Structures are given as structure tokens and as C-alpha cells.
>>> print(open('my_file.cif').read())   # mmCIF, C-alpha atoms
data_work
loop_
_atom_site.label_atom_id
_atom_site.label_comp_id
_atom_site.auth_asym_id
_atom_site.auth_seq_id
_atom_site.Cartn_x
_atom_site.Cartn_y
_atom_site.Cartn_z
CA GLY A 854 -32.82 -1.02 -0.58
CA ASP A 855 -29.30 -0.26 -1.72
CA SER A 856 -27.13 -3.27 -2.47
CA VAL A 857 -23.96 -4.46 -4.17
CA THR A 858 -23.48 -7.74 -6.03
CA GLN A 859 -20.05 -9.14 -6.84
CA MET A 860 -18.98 -12.15 -8.82
CA GLU A 861 -18.38 -15.16 -6.64
CA GLY A 862 -14.91 -16.38 -5.91
CA PRO A 863 -12.45 -17.72 -5.47
CA VAL A 864 -10.75 -16.46 -8.60
CA THR A 865 -7.47 -18.19 -9.32
CA LEU A 866 -5.07 -16.70 -11.87
CA SER A 867 -1.49 -17.13 -12.94
CA GLU A 868 0.94 -14.28 -12.45
CA GLU A 869 0.71 -11.65 -15.22
CA ALA A 870 -2.82 -12.69 -16.19
CA PHE A 871 -5.58 -10.14 -16.77
CA LEU A 872 -8.03 -9.65 -13.93
CA THR A 873 -11.68 -8.67 -14.00
CA ILE A 874 -13.93 -8.76 -10.96
CA ASN A 875 -17.50 -7.83 -11.76
CA CYS A 876 -19.54 -5.55 -9.53
CA THR A 877 -23.06 -4.24 -10.03
CA TYR A 878 -25.09 -2.09 -7.70
CA THR A 879 -28.63 -1.04 -6.90
CA ALA A 880 -29.11 2.39 -5.39
CA THR A 881 -31.35 5.41 -5.39
CA GLY A 882 -29.71 8.63 -6.43
CA TYR A 883 -26.05 8.84 -7.29
CA PRO A 884 -23.90 6.89 -4.86
CA SER A 885 -20.13 7.00 -4.65
CA LEU A 886 -18.47 3.68 -5.52
CA PHE A 887 -15.42 2.05 -3.99
CA TRP A 888 -13.15 -0.96 -4.13
CA TYR A 889 -11.57 -2.05 -0.85
CA VAL A 890 -8.99 -4.82 -0.44
CA GLN A 891 -8.46 -7.09 2.58
CA TYR A 892 -5.19 -8.93 3.05
CA PRO A 893 -5.16 -11.98 5.37
CA GLY A 894 -5.55 -11.08 9.03
CA GLU A 895 -6.00 -7.38 8.33
CA GLY A 896 -8.74 -4.81 8.04
CA LEU A 897 -9.95 -3.40 4.74
CA GLN A 898 -7.99 -0.76 2.86
CA LEU A 899 -9.30 1.59 0.22
CA LEU A 900 -8.03 0.61 -3.24
CA LEU A 901 -9.82 3.14 -5.43
CA LYS A 902 -13.03 5.10 -5.72
CA ALA A 903 -15.23 7.02 -8.16
CA THR A 904 -17.79 9.63 -7.17
CA LYS A 905 -19.79 10.25 -10.37
CA ALA A 906 -20.77 8.64 -13.63
CA ASP A 907 -17.93 7.96 -16.11
CA ASP A 908 -15.28 8.65 -13.45
CA LYS A 909 -12.39 6.19 -13.51
CA GLY A 910 -10.69 5.31 -10.24
CA SER A 911 -7.19 3.90 -10.39
CA ASN A 912 -4.45 2.81 -8.01
CA LYS A 913 -1.54 0.33 -8.07
CA GLY A 914 -2.41 -0.77 -11.61
CA PHE A 915 -6.07 -1.43 -10.75
CA GLU A 916 -8.85 0.48 -12.50
CA ALA A 917 -12.63 0.71 -12.33
CA THR A 918 -15.05 2.94 -14.24
CA TYR A 919 -18.38 4.14 -12.83
CA ARG A 920 -20.97 3.08 -15.41
CA LYS A 921 -24.37 4.50 -14.58
CA GLU A 922 -26.11 3.01 -17.62
CA THR A 923 -25.17 -0.53 -16.58
CA THR A 924 -24.97 0.22 -12.81
CA SER A 925 -21.55 -1.39 -12.75
CA PHE A 926 -18.09 -0.75 -11.32
CA HIS A 927 -15.94 -3.66 -12.53
CA LEU A 928 -12.39 -3.94 -11.20
CA GLU A 929 -9.60 -4.63 -13.72
CA LYS A 930 -5.85 -5.08 -13.71
CA GLY A 931 -3.76 -5.81 -16.74
CA SER A 932 -1.13 -8.02 -15.10
CA VAL A 933 -1.65 -9.45 -11.62
CA GLN A 934 1.11 -10.33 -9.18
CA VAL A 935 1.27 -12.90 -6.40
CA SER A 936 1.14 -10.00 -3.94
CA ASP A 937 -2.34 -9.08 -5.25
CA SER A 938 -3.78 -12.19 -3.60
CA ALA A 939 -6.45 -10.89 -1.25
CA VAL A 940 -10.21 -10.45 -0.90
CA TYR A 941 -11.67 -7.57 -2.90
CA PHE A 942 -14.85 -5.78 -1.84
CA CYS A 943 -16.99 -3.53 -3.97
CA ALA A 944 -18.95 -0.95 -1.97
CA LEU A 945 -21.24 2.03 -2.35
CA SER A 946 -21.92 5.05 -0.19
CA PRO A 947 -25.55 6.05 -0.56
CA LEU A 948 -26.97 9.51 -0.03
CA LYS A 949 -23.56 10.92 0.92
CA GLY A 950 -23.96 9.70 4.50
CA GLY A 951 -20.53 8.15 4.70
CA LYS A 952 -21.62 4.60 5.54
CA LEU A 953 -20.54 1.88 3.14
CA ILE A 954 -22.64 -0.98 1.85
CA PHE A 955 -20.40 -3.85 0.80
CA GLY A 956 -20.68 -6.70 -1.64
CA GLN A 957 -19.90 -10.22 -0.51
CA GLY A 958 -16.23 -9.99 -1.44
CA THR A 959 -14.27 -11.89 -4.08
CA GLU A 960 -11.21 -13.86 -3.10
CA LEU A 961 -8.34 -13.62 -5.56
CA SER A 962 -5.49 -16.11 -5.54
CA VAL A 963 -2.53 -15.48 -7.87
CA LYS A 964 -0.15 -18.38 -8.49
CA PRO A 965 3.49 -17.94 -9.54
CA ASP B 676 1.09 6.33 10.47
CA ALA B 677 -2.26 6.98 12.12
CA ARG B 678 -4.33 3.86 12.50
CA VAL B 679 -7.52 2.55 14.04
CA THR B 680 -6.73 0.36 17.03
CA GLN B 681 -9.02 -2.44 18.14
CA THR B 682 -8.77 -4.58 21.26
CA PRO B 683 -8.75 -7.43 21.87
CA ARG B 684 -7.58 -9.03 18.62
CA HIS B 685 -9.05 -12.36 19.63
CA LYS B 686 -11.69 -13.30 22.17
CA VAL B 687 -12.97 -16.74 23.07
CA THR B 688 -15.86 -16.85 25.50
CA GLU B 689 -18.72 -19.04 26.58
CA MET B 690 -22.32 -18.52 25.70
CA GLY B 691 -24.04 -16.15 28.09
CA GLN B 692 -20.93 -14.14 28.94
CA GLU B 693 -20.59 -10.42 28.35
CA VAL B 694 -18.17 -9.34 25.64
CA THR B 695 -16.77 -5.83 25.25
CA MET B 696 -14.83 -4.77 22.19
CA ARG B 697 -12.97 -1.48 22.07
CA CYS B 698 -11.90 0.82 19.29
CA GLN B 699 -9.65 3.86 19.24
CA PRO B 700 -10.46 5.84 16.10
CA ILE B 701 -7.95 8.06 14.34
CA LEU B 702 -7.63 11.43 16.03
CA GLY B 703 -9.69 14.08 14.26
CA HIS B 704 -12.04 11.67 12.52
CA ASN B 705 -15.70 12.56 13.04
CA THR B 706 -17.38 9.26 12.13
CA VAL B 707 -16.95 5.78 13.62
CA PHE B 708 -18.49 2.60 12.23
CA TRP B 709 -18.91 -0.93 13.58
CA TYR B 710 -19.07 -3.76 11.01
CA ARG B 711 -19.43 -7.51 11.50
CA GLN B 712 -17.91 -9.96 9.02
CA THR B 713 -19.06 -13.56 8.61
CA MET B 714 -18.72 -16.07 5.81
CA MET B 715 -22.47 -16.27 5.34
CA GLN B 716 -23.45 -12.59 5.56
CA GLY B 717 -20.28 -10.84 4.51
CA LEU B 718 -19.77 -7.35 5.95
CA GLU B 719 -22.77 -5.97 7.80
CA LEU B 720 -23.01 -2.48 9.22
CA LEU B 721 -24.06 -2.68 12.86
CA ALA B 722 -23.94 0.98 13.95
CA TYR B 723 -22.22 4.28 13.36
CA PHE B 724 -21.60 7.56 15.13
CA ARG B 725 -21.02 11.10 13.88
CA ASN B 726 -19.30 13.42 16.34
CA ARG B 727 -19.97 10.78 19.02
CA ALA B 728 -23.76 10.83 18.46
CA PRO B 729 -25.36 7.59 17.25
CA LEU B 730 -26.64 8.03 13.69
CA ASP B 731 -27.86 4.57 12.85
CA ASP B 732 -27.90 1.34 14.81
CA SER B 733 -30.59 -0.42 12.83
CA GLY B 734 -28.23 -3.23 11.91
CA MET B 735 -27.69 -4.22 15.51
CA PRO B 736 -29.78 -6.69 17.53
CA LYS B 737 -31.01 -4.30 20.20
CA ASP B 738 -31.80 -6.88 22.82
CA ARG B 739 -28.19 -7.95 23.30
CA PHE B 740 -25.92 -5.47 21.51
CA SER B 741 -25.06 -1.94 22.53
CA ALA B 742 -22.63 0.58 21.07
CA GLU B 743 -21.35 3.74 22.71
CA MET B 744 -18.75 6.46 22.33
CA PRO B 745 -17.96 7.66 25.84
CA ASP B 746 -15.40 10.06 24.41
CA ALA B 747 -13.78 10.96 21.11
CA THR B 748 -10.94 8.47 21.59
CA LEU B 749 -13.01 5.41 22.45
CA ALA B 750 -15.86 3.47 20.89
CA THR B 751 -17.22 0.31 22.49
CA LEU B 752 -19.40 -2.54 21.29
CA LYS B 753 -20.93 -4.79 23.94
CA ILE B 754 -22.75 -8.07 23.62
CA GLN B 755 -24.68 -9.30 26.65
CA PRO B 756 -25.44 -12.15 26.75
CA SER B 757 -23.32 -13.56 23.95
CA GLU B 758 -24.51 -16.43 21.77
CA PRO B 759 -22.66 -18.80 19.41
CA ARG B 760 -24.23 -17.05 16.39
CA ASP B 761 -22.35 -13.88 17.40
CA SER B 762 -19.07 -15.55 16.41
CA ALA B 763 -17.57 -13.31 13.74
CA VAL B 764 -14.89 -10.73 13.10
CA TYR B 765 -15.93 -7.28 14.29
CA PHE B 766 -14.34 -4.31 12.57
CA CYS B 767 -14.23 -0.72 13.63
CA ALA B 768 -13.62 1.96 11.01
CA SER B 769 -13.27 5.71 11.21
CA GLY B 770 -13.24 8.57 8.73
CA LEU B 771 -13.46 12.33 8.39
CA VAL B 772 -16.79 12.36 6.60
CA ARG B 773 -18.16 15.48 4.96
CA THR B 774 -19.54 14.51 1.55
CA GLY B 775 -19.77 10.74 1.96
CA ASP B 776 -17.07 9.73 -0.49
CA GLU B 777 -14.18 9.90 1.91
CA LYS B 778 -11.83 7.03 2.65
CA LEU B 779 -12.57 4.92 5.71
CA PHE B 780 -9.77 3.48 7.79
CA PHE B 781 -10.37 0.03 9.22
CA GLY B 782 -8.88 -1.57 12.30
CA SER B 783 -7.52 -5.12 12.22
CA GLY B 784 -10.68 -6.47 13.81
CA THR B 785 -11.66 -8.49 16.86
CA GLN B 786 -12.16 -12.17 16.11
CA LEU B 787 -14.87 -13.37 18.48
CA SER B 788 -15.63 -17.02 19.15
CA VAL B 789 -18.60 -17.83 21.39
CA LEU B 790 -18.64 -21.46 22.47
#
>>> encode(input="my_file.cif", output="C-alpha cells")
Amino acid sequence: GDSVTQMEGPVTLSEEAFLTINCTYTATGYPSLFWYVQYPGEGLQLLLKATKADDKGSNKGFEATYRKETTSFHLEKGSVQVSDSAVYFCALSPLKGGKLIFGQGTELSVKP
Amino acid sequence: DARVTQTPRHKVTEMGQEVTMRCQPILGHNTVFWYRQTMMQGLELLAYFRNRAPLDDSGMPKDRFSAEMPDATLATLKIQPSEPRDSAVYFCASGLVRTGDEKLFFGSGTQLSVL
């Protein structure tokens, strides 16, 4: 079945460091891909998305490119801030049904 | 700002008791989802509704869980009887879904502890 695999956390970085969180997926057809972020005590919020191969989603300095050949959607940010500390979830929406299948989540901790 | 509202935020109960969680989706959204979050399993889809009709509840233990949408402003998730393994955070999400790549809006969750 459809699934999403993320790199395990926690990831600990210093402020202004470069961030990569790896995400790969397994799906039939051409799913849409998403990154959601969860701050402590809150629900998930959409960070960015891409709906077809080679699309790049971007928001708040974060980017991810839909790579069909490697079935990947890695999240990157050039310079992280303490306020980026959160849990990041990669997700796919199969068969355009609207439901999301999530990866396990990767906790990011950014130290001053 | 429109938001998804979940009640209660926290619930502590004893094994065997009935638990009801409520969700008010964003007005105008046509799809409502229930997810469960645990450390071991991550985020699992339990059930979802489109225009109040159940579309998929295959992720839900049928013997004890039930999900309904009595009207467009209310979705409920019931557990009867509850068990310690049901302890988790339960999230409701809603969206205006047409093509399947739309943004979902999540509530703040109900943290359930079954003793």
C-alpha cells in the first residue's frame, strides 16, 4: 500500500545551520506530496506542497522538490531559526481522494 | 481566523468507560477526518467523511469505535468501552476537497488517557 518514510529524529542543529529532512514515498499513480509542521501542543499546519513531478513547494524559507525518479520529497532550509523547532511530517495524498498518509514525523530542535 | 475546534482538549478516564470526542469543522468544508497520534504508530487515519457521508473507516476498530456526523457543524468519535491502548492524541481535520491536493486544517487535538 501507499506509505511515507522519513528520516528518524531528533535532529538537533545550531541556529543558521542548513537543514535537510529526508522523505521518500511509495505510491501507485501520481500522488500529491506535502510537508506539515506541528508545534508543541498544537495541531498540524500545512508548510508546503507539490502536486506533480519536478514541482517545487516553498514557504517561510523551506523548500521541497517532487522527484518522481527517486520517489523523494526532501525538506530543506538554508538557515534555520530557533522558532523552527517543531515536528515535521511528510505526507502524500493518493488517488486524489483528499486523505493524507503521513510519515512518522521528524523532530527538529534548533539551539541558539 | 476560521479554525477547527475540538473538545475536550484533555480527557482522563478509566478503562471500560465511554469516551466522546467532538469536532466542529470549518464552515463550508466538505471533508472531515479523524486521526490518532501515538509515539509508536505516528499519525493513523481512523475515518473520514465527505459531505457528512462516511467514505472510509477502515482504520478504526469497529468493535469499540464509532464516528458520526450528525450535522455539518459537528463530527463525533466515540469509544465504548475504552481501553488503556486507546490512550493517544486524537485529531480532527477538515478541508474543502475537490482534487485531493487541498490544504487540511487540523484542530488542536484531544489528549486521551485511559487508566
>>> interface_residues(input="my_file.cif", of="chain B", to="chain A", cutoff="8 Å", atoms="only C-alpha atoms", output="list in words")
Phe708, Gln716, Gly717, Leu718, Glu719, Leu720, Tyr723, Phe766, Val772, Arg773, Thr774, Gly775, Asp776, Glu777, Lys778, Leu779, Phe780, Phe781, Gly782, Ser783 and Gly784 of chain B
>>> write_last_selection(input="my_file.cif", atoms="C-alpha atoms", output="mmCIF file, in the frame of the given file")
data_model
loop_
_atom_site.group_PDB
_atom_site.id
_atom_site.type_symbol
_atom_site.label_atom_id
_atom_site.label_comp_id
_atom_site.auth_asym_id
_atom_site.auth_seq_id
_atom_site.Cartn_x
_atom_site.Cartn_y
_atom_site.Cartn_z
ATOM 1 C CA PHE B 708 -18.490 2.600 12.230
ATOM 2 C CA GLN B 716 -23.450 -12.590 5.560
ATOM 3 C CA GLY B 717 -20.280 -10.840 4.510
ATOM 4 C CA LEU B 718 -19.770 -7.350 5.950
ATOM 5 C CA GLU B 719 -22.770 -5.970 7.800
ATOM 6 C CA LEU B 720 -23.010 -2.480 9.220
ATOM 7 C CA TYR B 723 -22.220 4.280 13.360
ATOM 8 C CA PHE B 766 -14.340 -4.310 12.570
ATOM 9 C CA VAL B 772 -16.790 12.360 6.600
ATOM 10 C CA ARG B 773 -18.160 15.480 4.960
ATOM 11 C CA THR B 774 -19.540 14.510 1.550
ATOM 12 C CA GLY B 775 -19.770 10.740 1.960
ATOM 13 C CA ASP B 776 -17.070 9.730 -0.490
ATOM 14 C CA GLU B 777 -14.180 9.900 1.910
ATOM 15 C CA LYS B 778 -11.830 7.030 2.650
ATOM 16 C CA LEU B 779 -12.570 4.920 5.710
ATOM 17 C CA PHE B 780 -9.770 3.480 7.790
ATOM 18 C CA PHE B 781 -10.370 0.030 9.220
ATOM 19 C CA GLY B 782 -8.880 -1.570 12.300
ATOM 20 C CA SER B 783 -7.520 -5.120 12.220
ATOM 21 C CA GLY B 784 -10.680 -6.470 13.810
#
>>> closest_residue(input="my_file.cif", among="B:Gln755, B:Ser769, B:Ser762, B:Thr688", to="B:Trp709", atoms="only C-alpha atoms")
B:Ser769
>>> atom_distance(input="my_file.cif", atom1="atom CA of B:Ala763", atom2="atom CA of B:Val789")
8.9 Å
>>> atom_distance(input="my_file.cif", atom1="atom CA of B:Pro729", atom2="atom CA of B:Pro683")
22.9 Å
>>> resolve_selection(input="my_file.cif", expression="the PyMOL selection byres ((chain B and resi 678) around 6)", output="CSV table (one decimal) with C-alpha atoms, in the frame of the given file")
chain,number,residue,atom,x,y,z
B,677,ALA,CA,-2.3,7.0,12.1
B,679,VAL,CA,-7.5,2.6,14.0
B,701,ILE,CA,-8.0,8.1,14.3
>>> axis_aligned_box(input="my_file.cif", around="stretch 717-734 of chain B", padding_each_side="5 Å", output="JSON")
{"center_x": -24.9, "center_y": 1.3, "center_z": 11.8, "size_x": 21.3, "size_y": 34.3, "size_z": 24.5}
>>> residues_around(input="my_file.cif", residues="A:Tyr878", least_positions_apart="6", cutoff="6 Å", atoms="all atoms listed in the file", output="PyMOL selection string")
chain A and resi 856-857+924
>>> atom_distance(input="my_file.cif", atom1="atom CA of A:Gly931", atom2="atom CA of A:Phe871")
4.7 Å
>>> residues_around(input="my_file.cif", residues="B:Gly691", least_positions_apart="5", cutoff="12 Å", atoms="all atoms listed in the file", output="mmCIF file with C-alpha atoms, keeping the file's coordinate frame")
data_model
loop_
_atom_site.group_PDB
_atom_site.id
_atom_site.type_symbol
_atom_site.label_atom_id
_atom_site.label_comp_id
_atom_site.auth_asym_id
_atom_site.auth_seq_id
_atom_site.Cartn_x
_atom_site.Cartn_y
_atom_site.Cartn_z
ATOM 1 C CA ARG B 739 -28.190 -7.950 23.300
ATOM 2 C CA ILE B 754 -22.750 -8.070 23.620
ATOM 3 C CA GLN B 755 -24.680 -9.300 26.650
ATOM 4 C CA PRO B 756 -25.440 -12.150 26.750
ATOM 5 C CA SER B 757 -23.320 -13.560 23.950
ATOM 6 C CA GLU B 758 -24.510 -16.430 21.770
ATOM 7 C CA PRO B 759 -22.660 -18.800 19.410
ATOM 8 C CA ARG B 760 -24.230 -17.050 16.390
ATOM 9 C CA ASP B 761 -22.350 -13.880 17.400
ATOM 10 C CA VAL B 789 -18.600 -17.830 21.390
ATOM 11 C CA LEU B 790 -18.640 -21.460 22.470
#
>>> residues_near_point(input="my_file.cif", point="(-18.4, 14.5, 16.4)", cutoff="9 Å", atoms="only C-alpha atoms", output="number ranges by chain")
B: 703-706, 724-728, 747
>>> write_last_selection(input="my_file.cif", atoms="C-alpha atoms", output="tab-separated table (two decimals), in the frame of the given file")
chain	number	residue	atom	x	y	z
B	703	GLY	CA	-9.69	14.08	14.26
B	704	HIS	CA	-12.04	11.67	12.52
B	705	ASN	CA	-15.70	12.56	13.04
B	706	THR	CA	-17.38	9.26	12.13
B	724	PHE	CA	-21.60	7.56	15.13
B	725	ARG	CA	-21.02	11.10	13.88
B	726	ASN	CA	-19.30	13.42	16.34
B	727	ARG	CA	-19.97	10.78	19.02
B	728	ALA	CA	-23.76	10.83	18.46
B	747	ALA	CA	-13.78	10.96	21.11
>>> resolve_selection(input="my_file.cif", expression="the PyMOL selection byres ((chain A and resi 937) around 8)", output="list in words")
Val933, Gln934, Val935, Ser936, Ser938, Ala939, Leu961, Ser962 and Val963 of chain A
>>> closest_residue(input="my_file.cif", among="B:Leu702, B:Leu787, B:Met696, B:Leu752", to="B:Ala722", atoms="only C-alpha atoms")
B:Leu752
>>> closest_residue(input="my_file.cif", among="A:Ser932, A:Phe915, A:Gly910, A:Tyr941", to="A:Glu868", atoms="all atoms listed in the file")
A:Ser932
